[in-house]
Each structure stands twice: as structure tokens, then as C-alpha cells.
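Student: The structure that follows is given in the form of C-alpha cells.
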Amino acid sequence: MVSYKDLGLVNTREMFAKAVAGGYAIPAFNFNNMEQLQAIIQASAETKSPVILQVSKGARNYANKTLLRYMAQGAVEYAKELGWENPQIVLHLDHGDSFETCKSCVDLGFSSVMIDASSLPYEENIALTKKVVDYAHQFDVTVEAELGVLAGVEDEVSAAESHYTKPEEVIDFATRTGCDSLAISIGTSHGAYKFTREQCTVDPKTGRLVPPPLAFDVLHEIEKKLPGFPIVLHGSSSVPQEYVDEINALGGKLPDAVGIPEEQLREASKSAVCKINIDSDSRLAMTAAIRRVFHDKPGEFDPRKYLGPARDEMKKLYMHKIINVLGSDGKAE
Ligand code: 13P
């Protein structure tokens with residue numbers, strides 16, 4: 001048994017309470033490799049933003065969960081080396097799919113876990129979430145649960161259609177499970193293809209797809225039912241069109257990739273939404289930067305010469321999200 005407290009990590013409790021009260025959101029960035037982690041920590045240290053490092057099932061299969069945990073431990077020391085005296089870093093399991101997965105992460109030093117039982121019938125979602133909460137809370141590990149279904153594909157989590165969270169269920173769910181935060185479905189979606197062409201309108205000036213707006217009415221209903229309770233948005237990449245265009249111009253093929261407009265995420269951050277999940281945007285930044293190097297310097301074969309620029313591009317993206325979208329800069333001085 002390893003306690004996250006011995007690794008210098010923190011859970012989400014205090015961080016979320018401050019974010020809800022302060023009208024900003026904490027970035028939850030997924031990581032799979034060293035360059036991504038370096039970029040996240042550099043951006044967080046430079047802006048003094050609390051940060052959540054997320055590990056998905058795909059990341060655990062790709063990189064190994066023990067290795068990722070040691071990388072997160074290293075990240076705390078790295079952050080201090082960069083001059084961030086009091087780093088506020090959470091190591092979070094993204095989309096835990098069973099009690100056993102959540103337990104093994106708690107035992108391994110994660111400070112926060114998500115149990116995603118949203119595809120189960122309501123009562124089964126409650127029972128499984130409560131079981132995880134009862135275990136995790138013994139070790140002061142915080143638990144995120146999910147109610148409602150997001151569309152889209154993310155690693156091994158996928159659903160064809162979304163179902164908005166029902167505001168009439170949230171009080172019962174939060175009370176009976178004891179979860180610390182709740183991921184809700186209000187129209188965000190996983191991946192780089194969040195909406196079909198048919199779901200969007202077309203901006204006549206630019207010809208770009210315009211996605212349907214988020215269901216702020218549902219969010220506000222939920223806030224009214226659970227005042228001050230931490231709300232989480234998954235599937236919140238904006239799919240920057242500059243990256244999509246660059247990737248496509250340099251031989252890639254990402255037709256109709258479209259995300260959540262940043263103004264809407266900015267608005268959500270001011271509400272009880274206190275954690276915003278971003279993964280796809282970092283993948284796009286990395287891919288665009290690597291394609292750029294391969295295009296400009298076809299003779300390049302030193303991975304540091306293309307992963308380095310990819311790291312710089314991801315750092316730029318993370319800083320932009322922290323400062324201009326979520327407003328979490330300076331909140332972990
Ligand atoms: P995106 O695919 O929109 O980046 O969402 C990531 C996410 O929700 C991780 O859980």
C-alpha cells in the first residue's frame with residue numbers, strides 16, 4: 001500500500017472547493033508519455049495552476065500504471081525543481097471501470113479515482129460507486145462518479161449516443177453514493193469527432209462546422225439542486241481548427257473534426273464546473289508539431305528533434321487553456 005500523501009500528491013477536495021467558490025476550473029490533462037507530462041508540469045509550474053494528471057485505461061495499457069505512478073511522483077519533484085514551491089498535483093484514474101481497478105489505483109498511490117458506472121442501470125451505478133467511495137475514503141482518496149452518458153470514443157470508452165444527466169436524480173445519487181464530484185452529460189463528447197455533420201450548422205462566412213451549444217439549462221438545474229457541489233465536464237477539447245488544418249495540409253486526414261467552443265467552456269468554468277477534461281487537444285498539438293518537423297526536415301530521425309517541438313506545442317496549448325479558458329492560473333501559489 002502506497003499513500004499518495006507520501007508522494008507529495010494531493011486529493012481534489014480542497015482544490016475543488018476553492019475552484020467552485022472562485023469561479024474557475026481545474027485542468028484535468030491526460031498523459032501517456034514523458035513529453036506530455038513534462039509539458040503539463042512546465043505549464044502548471046509556470047502559471048502556478050493546480051493540475052490533475054489523468055490516467056485512462058488506454059494509458060495504463062500503453063505505458064503501465066506502475067510506471068505512470070512513478071512518473072507522477074517524479075512530476076512533483078520536477079515541479080519543485082522548476083520553482084513551484086507548493087505544487088498542487090492530483091494523480092487521477094480516468095474512467096475506472098470496476099471496483100478492482102479503482103482499488104488497485106488507490107493502493108498504488110493515486111489521490112483520486114473515477115468510477116464510471118454510467119452505462120449501468122441507475123441502482124447498479126449507485127451500488128458500485130458507493131462501494132468505491134467506501135474503500136477510497138478510508139485512505140482520503142477522492143472519488144468522481146458519472147451520471148448521464150457522453151457520446152464519442154475515448155480509448156476504450158465509447159457510446160454512440162449521449163443522454164443528458166437528469167437533474168431530478170442528482171441529489172439522490174450524490175447523497176446515497178457519497179461521491180466527491182459528479183461528471184455530468186450536457187452535450188460534451190469524447191474524441192476529435194464530437195459531432196456529426198448533421199448535428200452541426202455551417203458558418204456561412206468560414207464554411208466551418210458549428211456544433212450544437214451545450215445544455216446550460218441542464219447544468220444550472222443541477223447547480224440549483226446541489227449548491228456548491230463539484231461538477232466535472234468530460235470530453236471538453238475544443239479541437240483547434242489551426243491544428244486540424246495543419247495536420248490535413250501536411251498529409252493527415254481528419255475530416256470534420258470539431259470540438260467544444262472555448263467561450264462555452266469559459267462560461268462553464270465560472271459555474272460549479274470545477275474540473276474540465278482535455279485529452280484530444282493535446283494529441284492534436286503533438287501530431288501537428290511532429291508532422292511539421294517531418295515535412296520541413298525529411299532527413300530528421302532523432303526522436304528528440306520531433307518530440308521536443310511536440311512538447312513545446314503541447315505546453316503552449318496547456319498554458320492557453322489554463323490562462324484563457326479555465327482561469328486556474330495563480331490559484332496554487
Ligand atoms: P476530449 O477527448 O474532449 O479531450 O476529452 C477527454 C476526456 O474527457 C478524458 O476523460
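Here's how to read the names in the C-alpha cells: chain A, B, ... by the order shown, residue numbers from 1 in each chain, ligand numbers from 1 in the order shown.
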Taking only C-alpha atoms and all ligand atoms into account, which residues have an atom no farther than 8 Å from ligand 1? I'd like them as an mmCIF file with N, CA, C and O atoms, in the first residue's frame.
Tutor:
data_model
loop_
_atom_site.group_PDB
_atom_site.id
_atom_site.type_symbol
_atom_site.label_atom_id
_atom_site.label_comp_id
_atom_site.auth_asym_id
_atom_site.auth_seq_id
_atom_site.Cartn_x
_atom_site.Cartn_y
_atom_site.Cartn_z
ATOM 1 N N ALA A 28 -7.813 19.046 -16.132
ATOM 2 C CA ALA A 28 -7.508 17.625 -15.988
ATOM 3 C C ALA A 28 -6.970 17.171 -17.336
ATOM 4 O O ALA A 28 -7.728 17.040 -18.305
ATOM 5 N N PHE A 29 -5.639 17.027 -17.380
ATOM 6 C CA PHE A 29 -4.973 16.668 -18.634
ATOM 7 C C PHE A 29 -4.569 15.191 -18.588
ATOM 8 O O PHE A 29 -3.950 14.760 -17.602
ATOM 9 N N ASN A 30 -4.869 14.458 -19.631
ATOM 10 C CA ASN A 30 -4.459 13.049 -19.700
ATOM 11 C C ASN A 30 -2.988 12.965 -20.093
ATOM 12 O O ASN A 30 -2.503 13.798 -20.858
ATOM 13 N N GLN A 54 -4.297 12.858 -15.431
ATOM 14 C CA GLN A 54 -5.265 11.764 -15.584
ATOM 15 C C GLN A 54 -4.665 10.582 -16.313
ATOM 16 O O GLN A 54 -4.006 10.733 -17.327
ATOM 17 N N SER A 56 -5.884 7.169 -18.150
ATOM 18 C CA SER A 56 -7.026 6.399 -18.665
ATOM 19 C C SER A 56 -6.655 4.922 -18.763
ATOM 20 O O SER A 56 -5.491 4.547 -18.579
ATOM 21 N N ASP A 94 -8.770 7.969 -14.656
ATOM 22 C CA ASP A 94 -9.847 8.419 -15.536
ATOM 23 C C ASP A 94 -10.673 7.193 -15.960
ATOM 24 O O ASP A 94 -10.114 6.178 -16.387
ATOM 25 N N HIS A 95 -11.991 7.285 -15.829
ATOM 26 C CA HIS A 95 -12.889 6.201 -16.263
ATOM 27 C C HIS A 95 -12.543 4.829 -15.698
ATOM 28 O O HIS A 95 -12.400 3.850 -16.460
ATOM 29 N N VAL A 153 -15.843 8.584 -28.582
ATOM 30 C CA VAL A 153 -14.934 7.466 -28.342
ATOM 31 C C VAL A 153 -13.699 8.001 -27.644
ATOM 32 O O VAL A 153 -13.120 8.991 -28.058
ATOM 33 N N GLU A 154 -13.308 7.348 -26.542
ATOM 34 C CA GLU A 154 -12.084 7.736 -25.861
ATOM 35 C C GLU A 154 -11.420 6.468 -25.374
ATOM 36 O O GLU A 154 -11.937 5.782 -24.501
ATOM 37 N N THR A 188 -21.193 17.637 -24.095
ATOM 38 C CA THR A 188 -19.791 17.437 -24.484
ATOM 39 C C THR A 188 -19.652 15.989 -24.942
ATOM 40 O O THR A 188 -20.551 15.175 -24.743
ATOM 41 N N SER A 189 -18.507 15.674 -25.525
ATOM 42 C CA SER A 189 -18.366 14.346 -26.126
ATOM 43 C C SER A 189 -16.874 14.020 -26.258
ATOM 44 O O SER A 189 -16.060 14.925 -26.495
ATOM 45 N N HIS A 190 -16.518 12.759 -26.116
ATOM 46 C CA HIS A 190 -15.102 12.381 -26.182
ATOM 47 C C HIS A 190 -14.557 12.369 -27.610
ATOM 48 O O HIS A 190 -15.298 12.084 -28.546
ATOM 49 N N GLY A 191 -13.270 12.649 -27.748
ATOM 50 C CA GLY A 191 -12.583 12.476 -29.028
ATOM 51 C C GLY A 191 -12.530 13.723 -29.889
ATOM 52 O O GLY A 191 -12.936 14.818 -29.471
ATOM 53 N N ALA A 192 -12.005 13.567 -31.104
ATOM 54 C CA ALA A 192 -11.860 14.707 -32.023
ATOM 55 C C ALA A 192 -13.058 14.839 -32.959
ATOM 56 O O ALA A 192 -13.174 15.801 -33.707
ATOM 57 N N LYS A 194 -16.589 15.041 -32.287
ATOM 58 C CA LYS A 194 -17.617 15.104 -31.250
ATOM 59 C C LYS A 194 -19.029 15.124 -31.815
ATOM 60 O O LYS A 194 -19.963 14.717 -31.147
ATOM 61 N N LEU A 233 -16.731 18.191 -16.233
ATOM 62 C CA LEU A 233 -17.063 18.027 -17.655
ATOM 63 C C LEU A 233 -15.993 17.189 -18.344
ATOM 64 O O LEU A 233 -14.822 17.573 -18.372
ATOM 65 N N HIS A 234 -16.395 16.064 -18.870
ATOM 66 C CA HIS A 234 -15.509 15.261 -19.715
ATOM 67 C C HIS A 234 -15.642 15.769 -21.146
ATOM 68 O O HIS A 234 -16.475 16.624 -21.436
ATOM 69 N N GLY A 235 -14.821 15.230 -22.036
ATOM 70 C CA GLY A 235 -14.996 15.486 -23.468
ATOM 71 C C GLY A 235 -14.966 16.960 -23.823
ATOM 72 O O GLY A 235 -15.758 17.432 -24.635
ATOM 73 N N SER A 236 -14.009 17.698 -23.229
ATOM 74 C CA SER A 236 -14.045 19.159 -23.376
ATOM 75 C C SER A 236 -12.919 19.732 -24.225
ATOM 76 O O SER A 236 -12.527 20.882 -24.051
ATOM 77 N N SER A 237 -12.394 18.938 -25.147
ATOM 78 C CA SER A 237 -11.420 19.502 -26.076
ATOM 79 C C SER A 237 -12.137 20.409 -27.068
ATOM 80 O O SER A 237 -13.297 20.168 -27.418
ATOM 81 N N SER A 238 -11.417 21.423 -27.503
ATOM 82 C CA SER A 238 -12.007 22.383 -28.447
ATOM 83 C C SER A 238 -11.670 22.031 -29.893
ATOM 84 O O SER A 238 -12.176 22.662 -30.816
ATOM 85 N N VAL A 239 -10.757 21.058 -30.056
ATOM 86 C CA VAL A 239 -10.314 20.641 -31.391
ATOM 87 C C VAL A 239 -9.914 21.874 -32.219
ATOM 88 O O VAL A 239 -10.581 22.211 -33.217
ATOM 89 N N GLY A 259 -14.867 20.434 -32.097
ATOM 90 C CA GLY A 259 -14.901 20.317 -30.642
ATOM 91 C C GLY A 259 -15.839 21.310 -29.979
ATOM 92 O O GLY A 259 -16.723 21.878 -30.622
ATOM 93 N N ILE A 260 -15.633 21.510 -28.678
ATOM 94 C CA ILE A 260 -16.493 22.406 -27.894
ATOM 95 C C ILE A 260 -15.876 23.815 -27.924
ATOM 96 O O ILE A 260 -14.729 23.989 -27.519
ATOM 97 N N ILE A 276 -12.261 20.241 -15.783
ATOM 98 C CA ILE A 276 -12.542 20.131 -17.214
ATOM 99 C C ILE A 276 -11.495 19.218 -17.843
ATOM 100 O O ILE A 276 -10.294 19.453 -17.710
ATOM 101 N N ASN A 277 -11.965 18.158 -18.490
ATOM 102 C CA ASN A 277 -11.071 17.127 -19.033
ATOM 103 C C ASN A 277 -10.653 17.438 -20.465
ATOM 104 O O ASN A 277 -11.520 17.632 -21.332
ATOM 105 N N ILE A 278 -9.347 17.428 -20.686
ATOM 106 C CA ILE A 278 -8.831 17.730 -22.022
ATOM 107 C C ILE A 278 -7.754 16.708 -22.383
ATOM 108 O O ILE A 278 -6.741 16.600 -21.693
ATOM 109 N N ASP A 279 -7.980 15.992 -23.452
ATOM 110 C CA ASP A 279 -7.018 14.993 -23.930
ATOM 111 C C ASP A 279 -6.771 15.176 -25.428
ATOM 112 O O ASP A 279 -5.639 15.354 -25.875
ATOM 113 N N SER A 280 -7.852 15.186 -26.205
ATOM 114 C CA SER A 280 -7.699 15.210 -27.670
ATOM 115 C C SER A 280 -6.897 16.419 -28.153
ATOM 116 O O SER A 280 -6.105 16.313 -29.099
ATOM 117 N N ASP A 281 -7.087 17.588 -27.537
ATOM 118 C CA ASP A 281 -6.382 18.790 -27.999
ATOM 119 C C ASP A 281 -4.868 18.607 -27.905
ATOM 120 O O ASP A 281 -4.114 19.084 -28.760
ATOM 121 N N SER A 282 -4.434 17.918 -26.860
ATOM 122 C CA SER A 282 -3.003 17.695 -26.700
ATOM 123 C C SER A 282 -2.499 16.715 -27.770
ATOM 124 O O SER A 282 -1.404 16.877 -28.325
#
Student: List every residue of segment 161-214 of chain A that DSSP, applied to the backbone of this structure, assigns to alpha helix (DSSP H), and report them as a list in words.
Tutor: Val170, Ile171, Asp172, Phe173, Ala174, Thr175, Arg176 and Thr177 of chain A
Student: Would you please work out which residue, of A:Phe99, A:Tyr318, A:Tyr164, A:Trp84, is nearest to Ala136 of chain A when using only C-alpha atoms?
Tutor: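 With only C-alpha atoms as the atom set, the closest residue is A:Phe99.
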Student: Calculated over only C-alpha atoms, which of the candidates A:Ala249, A:Cys179, A:Val149, A:Ile171 has the smallest distance to His137 of chain A?
Tutor: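 Distance minimum relative to His137 of chain A lands on A:Cys179.
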Student: List as a VMD selection string the protein and nucleic acid residues near Lys57 of chain A, meaning an atom at most 12 Å away when only C-alpha atoms are counted, but skip any in the same chain fewer than 6 places from it.
Tutor: chain A and resid 30 to 32 63 to 65 68 92 to 98 101 to 102 105 114 to 116 154 to 157
Student: Pull the strand (DSSP E or B) assignments for segment 17-116 of chain A out of DSSP run on the backbone, and list those residues as number ranges by chain.
Tutor: A: 26-30, 51-55, 89-96, 112-115
Student: Those same residues, written as an mmCIF file, in the first residue's frame with N, CA, C and O atoms?
Tutor:
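Resulting contents of out_24.cif:
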data_model
loop_
_atom_site.group_PDB
_atom_site.id
_atom_site.type_symbol
_atom_site.label_atom_id
_atom_site.label_comp_id
_atom_site.auth_asym_id
_atom_site.auth_seq_id
_atom_site.Cartn_x
_atom_site.Cartn_y
_atom_site.Cartn_z
ATOM 1 N N ILE A 26 -10.360 23.511 -12.674
ATOM 2 C CA ILE A 26 -9.026 22.892 -12.646
ATOM 3 C C ILE A 26 -8.851 22.083 -13.935
ATOM 4 O O ILE A 26 -9.744 21.311 -14.306
ATOM 5 N N PRO A 27 -7.685 22.234 -14.600
ATOM 6 C CA PRO A 27 -7.474 21.424 -15.799
ATOM 7 C C PRO A 27 -7.179 19.977 -15.436
ATOM 8 O O PRO A 27 -6.390 19.707 -14.525
ATOM 9 N N ALA A 28 -7.813 19.046 -16.132
ATOM 10 C CA ALA A 28 -7.508 17.625 -15.988
ATOM 11 C C ALA A 28 -6.970 17.171 -17.336
ATOM 12 O O ALA A 28 -7.728 17.040 -18.305
ATOM 13 N N PHE A 29 -5.639 17.027 -17.380
ATOM 14 C CA PHE A 29 -4.973 16.668 -18.634
ATOM 15 C C PHE A 29 -4.569 15.191 -18.588
ATOM 16 O O PHE A 29 -3.950 14.760 -17.602
ATOM 17 N N ASN A 30 -4.869 14.458 -19.631
ATOM 18 C CA ASN A 30 -4.459 13.049 -19.700
ATOM 19 C C ASN A 30 -2.988 12.965 -20.093
ATOM 20 O O ASN A 30 -2.503 13.798 -20.858
ATOM 21 N N VAL A 51 -3.269 21.235 -10.856
ATOM 22 C CA VAL A 51 -3.466 20.409 -12.060
ATOM 23 C C VAL A 51 -3.817 18.973 -11.686
ATOM 24 O O VAL A 51 -3.363 18.467 -10.652
ATOM 25 N N ILE A 52 -4.615 18.352 -12.534
ATOM 26 C CA ILE A 52 -4.974 16.943 -12.357
ATOM 27 C C ILE A 52 -4.346 16.149 -13.501
ATOM 28 O O ILE A 52 -4.605 16.432 -14.680
ATOM 29 N N LEU A 53 -3.484 15.194 -13.135
ATOM 30 C CA LEU A 53 -2.873 14.314 -14.129
ATOM 31 C C LEU A 53 -3.776 13.094 -14.247
ATOM 32 O O LEU A 53 -3.981 12.379 -13.263
ATOM 33 N N GLN A 54 -4.297 12.858 -15.431
ATOM 34 C CA GLN A 54 -5.265 11.764 -15.584
ATOM 35 C C GLN A 54 -4.665 10.582 -16.313
ATOM 36 O O GLN A 54 -4.006 10.733 -17.327
ATOM 37 N N VAL A 55 -4.994 9.408 -15.808
ATOM 38 C CA VAL A 55 -4.527 8.176 -16.413
ATOM 39 C C VAL A 55 -5.746 7.356 -16.850
ATOM 40 O O VAL A 55 -6.546 6.930 -16.018
ATOM 41 N N ILE A 89 -0.725 18.919 -7.182
ATOM 42 C CA ILE A 89 -0.864 17.953 -8.281
ATOM 43 C C ILE A 89 -1.664 16.737 -7.806
ATOM 44 O O ILE A 89 -1.347 16.141 -6.773
ATOM 45 N N VAL A 90 -2.682 16.407 -8.579
ATOM 46 C CA VAL A 90 -3.531 15.244 -8.291
ATOM 47 C C VAL A 90 -3.185 14.158 -9.308
ATOM 48 O O VAL A 90 -3.006 14.452 -10.492
ATOM 49 N N LEU A 91 -3.099 12.916 -8.852
ATOM 50 C CA LEU A 91 -2.978 11.798 -9.788
ATOM 51 C C LEU A 91 -4.321 11.075 -9.785
ATOM 52 O O LEU A 91 -4.756 10.541 -8.759
ATOM 53 N N HIS A 92 -4.977 11.095 -10.936
ATOM 54 C CA HIS A 92 -6.382 10.672 -11.012
ATOM 55 C C HIS A 92 -6.571 9.534 -12.016
ATOM 56 O O HIS A 92 -6.048 9.584 -13.133
ATOM 57 N N LEU A 93 -7.326 8.544 -11.606
ATOM 58 C CA LEU A 93 -7.727 7.465 -12.522
ATOM 59 C C LEU A 93 -8.925 7.951 -13.329
ATOM 60 O O LEU A 93 -9.968 8.291 -12.763
ATOM 61 N N ASP A 94 -8.770 7.969 -14.656
ATOM 62 C CA ASP A 94 -9.847 8.419 -15.536
ATOM 63 C C ASP A 94 -10.673 7.193 -15.960
ATOM 64 O O ASP A 94 -10.114 6.178 -16.387
ATOM 65 N N HIS A 95 -11.991 7.285 -15.829
ATOM 66 C CA HIS A 95 -12.889 6.201 -16.263
ATOM 67 C C HIS A 95 -12.543 4.829 -15.698
ATOM 68 O O HIS A 95 -12.400 3.850 -16.460
ATOM 69 N N GLY A 96 -12.382 4.735 -14.376
ATOM 70 C CA GLY A 96 -12.238 3.417 -13.760
ATOM 71 C C GLY A 96 -13.488 2.604 -14.064
ATOM 72 O O GLY A 96 -14.605 3.118 -13.962
ATOM 73 N N SER A 112 -6.914 10.290 -6.409
ATOM 74 C CA SER A 112 -8.296 10.485 -6.832
ATOM 75 C C SER A 112 -8.635 9.403 -7.860
ATOM 76 O O SER A 112 -7.774 9.043 -8.673
ATOM 77 N N VAL A 113 -9.845 8.886 -7.793
ATOM 78 C CA VAL A 113 -10.246 7.893 -8.800
ATOM 79 C C VAL A 113 -11.633 8.226 -9.332
ATOM 80 O O VAL A 113 -12.464 8.788 -8.618
ATOM 81 N N MET A 114 -11.851 7.859 -10.582
ATOM 82 C CA MET A 114 -13.204 7.955 -11.115
ATOM 83 C C MET A 114 -13.755 6.544 -11.261
ATOM 84 O O MET A 114 -13.065 5.663 -11.783
ATOM 85 N N ILE A 115 -14.964 6.328 -10.774
ATOM 86 C CA ILE A 115 -15.659 5.095 -11.107
ATOM 87 C C ILE A 115 -16.743 5.489 -12.102
ATOM 88 O O ILE A 115 -17.624 6.296 -11.790
#
Student: Could you name the residues that touch Ala272 of chain A at 7 Å or less, counting only C-alpha atoms, but leaving out those on the same chain fewer than 3 positions away, as a PyMOL selection string?
Tutor: chain A and resi 20+223+228-231
Student: What would the file look like if the residues just selected were written as a PDB file, in the first residue's frame with N, CA and C atoms?
Tutor:
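Generated file (again.pdb):
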ATOM      1  N   VAL A  20     -14.828  26.048  -7.044  1.00  0.00           N
ATOM      2  CA  VAL A  20     -16.267  26.362  -7.123  1.00  0.00           C
ATOM      3  C   VAL A  20     -16.508  27.766  -6.556  1.00  0.00           C
ATOM      4  N   GLU A 223     -26.976  22.606 -10.702  1.00  0.00           N
ATOM      5  CA  GLU A 223     -26.365  23.507  -9.693  1.00  0.00           C
ATOM      6  C   GLU A 223     -27.373  23.910  -8.625  1.00  0.00           C
ATOM      7  N   GLY A 228     -23.066  24.322  -4.766  1.00  0.00           N
ATOM      8  CA  GLY A 228     -21.653  24.226  -4.361  1.00  0.00           C
ATOM      9  C   GLY A 228     -21.028  22.861  -4.573  1.00  0.00           C
ATOM     10  N   PHE A 229     -21.770  21.912  -5.130  1.00  0.00           N
ATOM     11  CA  PHE A 229     -21.208  20.567  -5.316  1.00  0.00           C
ATOM     12  C   PHE A 229     -20.339  20.552  -6.582  1.00  0.00           C
ATOM     13  N   PRO A 230     -19.121  19.966  -6.494  1.00  0.00           N
ATOM     14  CA  PRO A 230     -18.217  19.994  -7.653  1.00  0.00           C
ATOM     15  C   PRO A 230     -18.715  19.185  -8.853  1.00  0.00           C
ATOM     16  N   ILE A 231     -18.799  19.846  -9.974  1.00  0.00           N
ATOM     17  CA  ILE A 231     -19.279  19.234 -11.220  1.00  0.00           C
ATOM     18  C   ILE A 231     -18.103  19.115 -12.202  1.00  0.00           C
TER      19      ILE A 231
END
Student: Please provide the set of residues having any atom within 12 Å of Glu124 of chain A, restricted to only C-alpha atoms, with same-chain residues fewer than 6 positions apart removed, written as a ChimeraX atom specification.
Tutor: /A:98,116-118,130-131,147,173,176-177
Student: Write the residues of the preceding selection, restricted to C-alpha atoms, as a PDB file, in the first residue's frame.
Tutor:
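And here's again_21.pdb as it stands now:
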ATOM      1  CA  SER A  98     -14.546  -1.701 -11.903  1.00  0.00           C
ATOM      2  CA  ASP A 116     -17.568   5.309 -14.345  1.00  0.00           C
ATOM      3  CA  ALA A 117     -20.629   3.133 -13.899  1.00  0.00           C
ATOM      4  CA  SER A 118     -22.753   5.458 -16.017  1.00  0.00           C
ATOM      5  CA  LYS A 130     -20.743   3.651  -3.149  1.00  0.00           C
ATOM      6  CA  LYS A 131     -18.507   0.589  -2.873  1.00  0.00           C
ATOM      7  CA  LEU A 147     -24.452  10.225 -14.189  1.00  0.00           C
ATOM      8  CA  PHE A 173     -27.245   9.975  -6.370  1.00  0.00           C
ATOM      9  CA  ARG A 176     -26.515   7.816  -1.461  1.00  0.00           C
ATOM     10  CA  THR A 177     -23.062   7.339  -3.020  1.00  0.00           C
TER      11      THR A 177
END
Student: If we count only C-alpha atoms, what is near Met286 of chain A at a cut-off of 8 Å, once residues fewer than 6 positions away on the same chain are taken out, given as a ChimeraX atom specification?
Tutor: /A:307,310-311,313-314
Student: Can you spit out the residues from that selection as a CSV table (one decimal), in the first residue's frame, using all heavy atoms?
Tutor:
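Final output, part_14.csv:
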chain,number,residue,atom,x,y,z
A,307,LEU,N,10.0,15.1,-31.0
A,307,LEU,CA,9.2,15.1,-29.7
A,307,LEU,C,9.5,16.4,-28.9
A,307,LEU,O,8.6,16.8,-28.2
A,307,LEU,CB,9.6,13.9,-28.9
A,307,LEU,CG,9.2,12.5,-29.5
A,307,LEU,CD1,9.7,11.4,-28.7
A,307,LEU,CD2,7.7,12.4,-29.8
A,310,ALA,N,7.1,18.9,-30.2
A,310,ALA,CA,5.8,18.5,-29.9
A,310,ALA,C,5.5,18.9,-28.4
A,310,ALA,O,4.5,19.4,-28.1
A,310,ALA,CB,5.7,17.0,-30.0
A,311,ARG,N,6.5,18.7,-27.6
A,311,ARG,CA,6.4,19.1,-26.2
A,311,ARG,C,6.2,20.6,-26.0
A,311,ARG,O,5.3,21.0,-25.3
A,311,ARG,CB,7.7,18.7,-25.4
A,311,ARG,CG,7.7,19.0,-24.0
A,311,ARG,CD,9.0,18.4,-23.4
A,311,ARG,NE,10.2,19.0,-23.9
A,311,ARG,CZ,11.4,18.4,-23.8
A,311,ARG,NH1,11.6,17.3,-23.2
A,311,ARG,NH2,12.5,19.0,-24.4
A,313,GLU,N,4.8,22.6,-28.2
A,313,GLU,CA,3.5,22.9,-28.7
A,313,GLU,C,2.4,22.5,-27.7
A,313,GLU,O,1.5,23.3,-27.5
A,313,GLU,CB,3.2,22.2,-30.1
A,313,GLU,CG,2.1,22.7,-30.9
A,313,GLU,CD,2.3,24.1,-31.3
A,313,GLU,OE1,3.3,24.5,-31.9
A,313,GLU,OE2,1.3,24.9,-31.0
A,314,MET,N,2.6,21.4,-27.0
A,314,MET,CA,1.6,21.0,-26.0
A,314,MET,C,1.7,22.0,-24.8
A,314,MET,O,0.6,22.3,-24.3
A,314,MET,CB,1.9,19.6,-25.5
A,314,MET,CG,1.6,18.5,-26.5
A,314,MET,SD,1.7,16.8,-25.9
A,314,MET,CE,3.4,16.6,-25.9
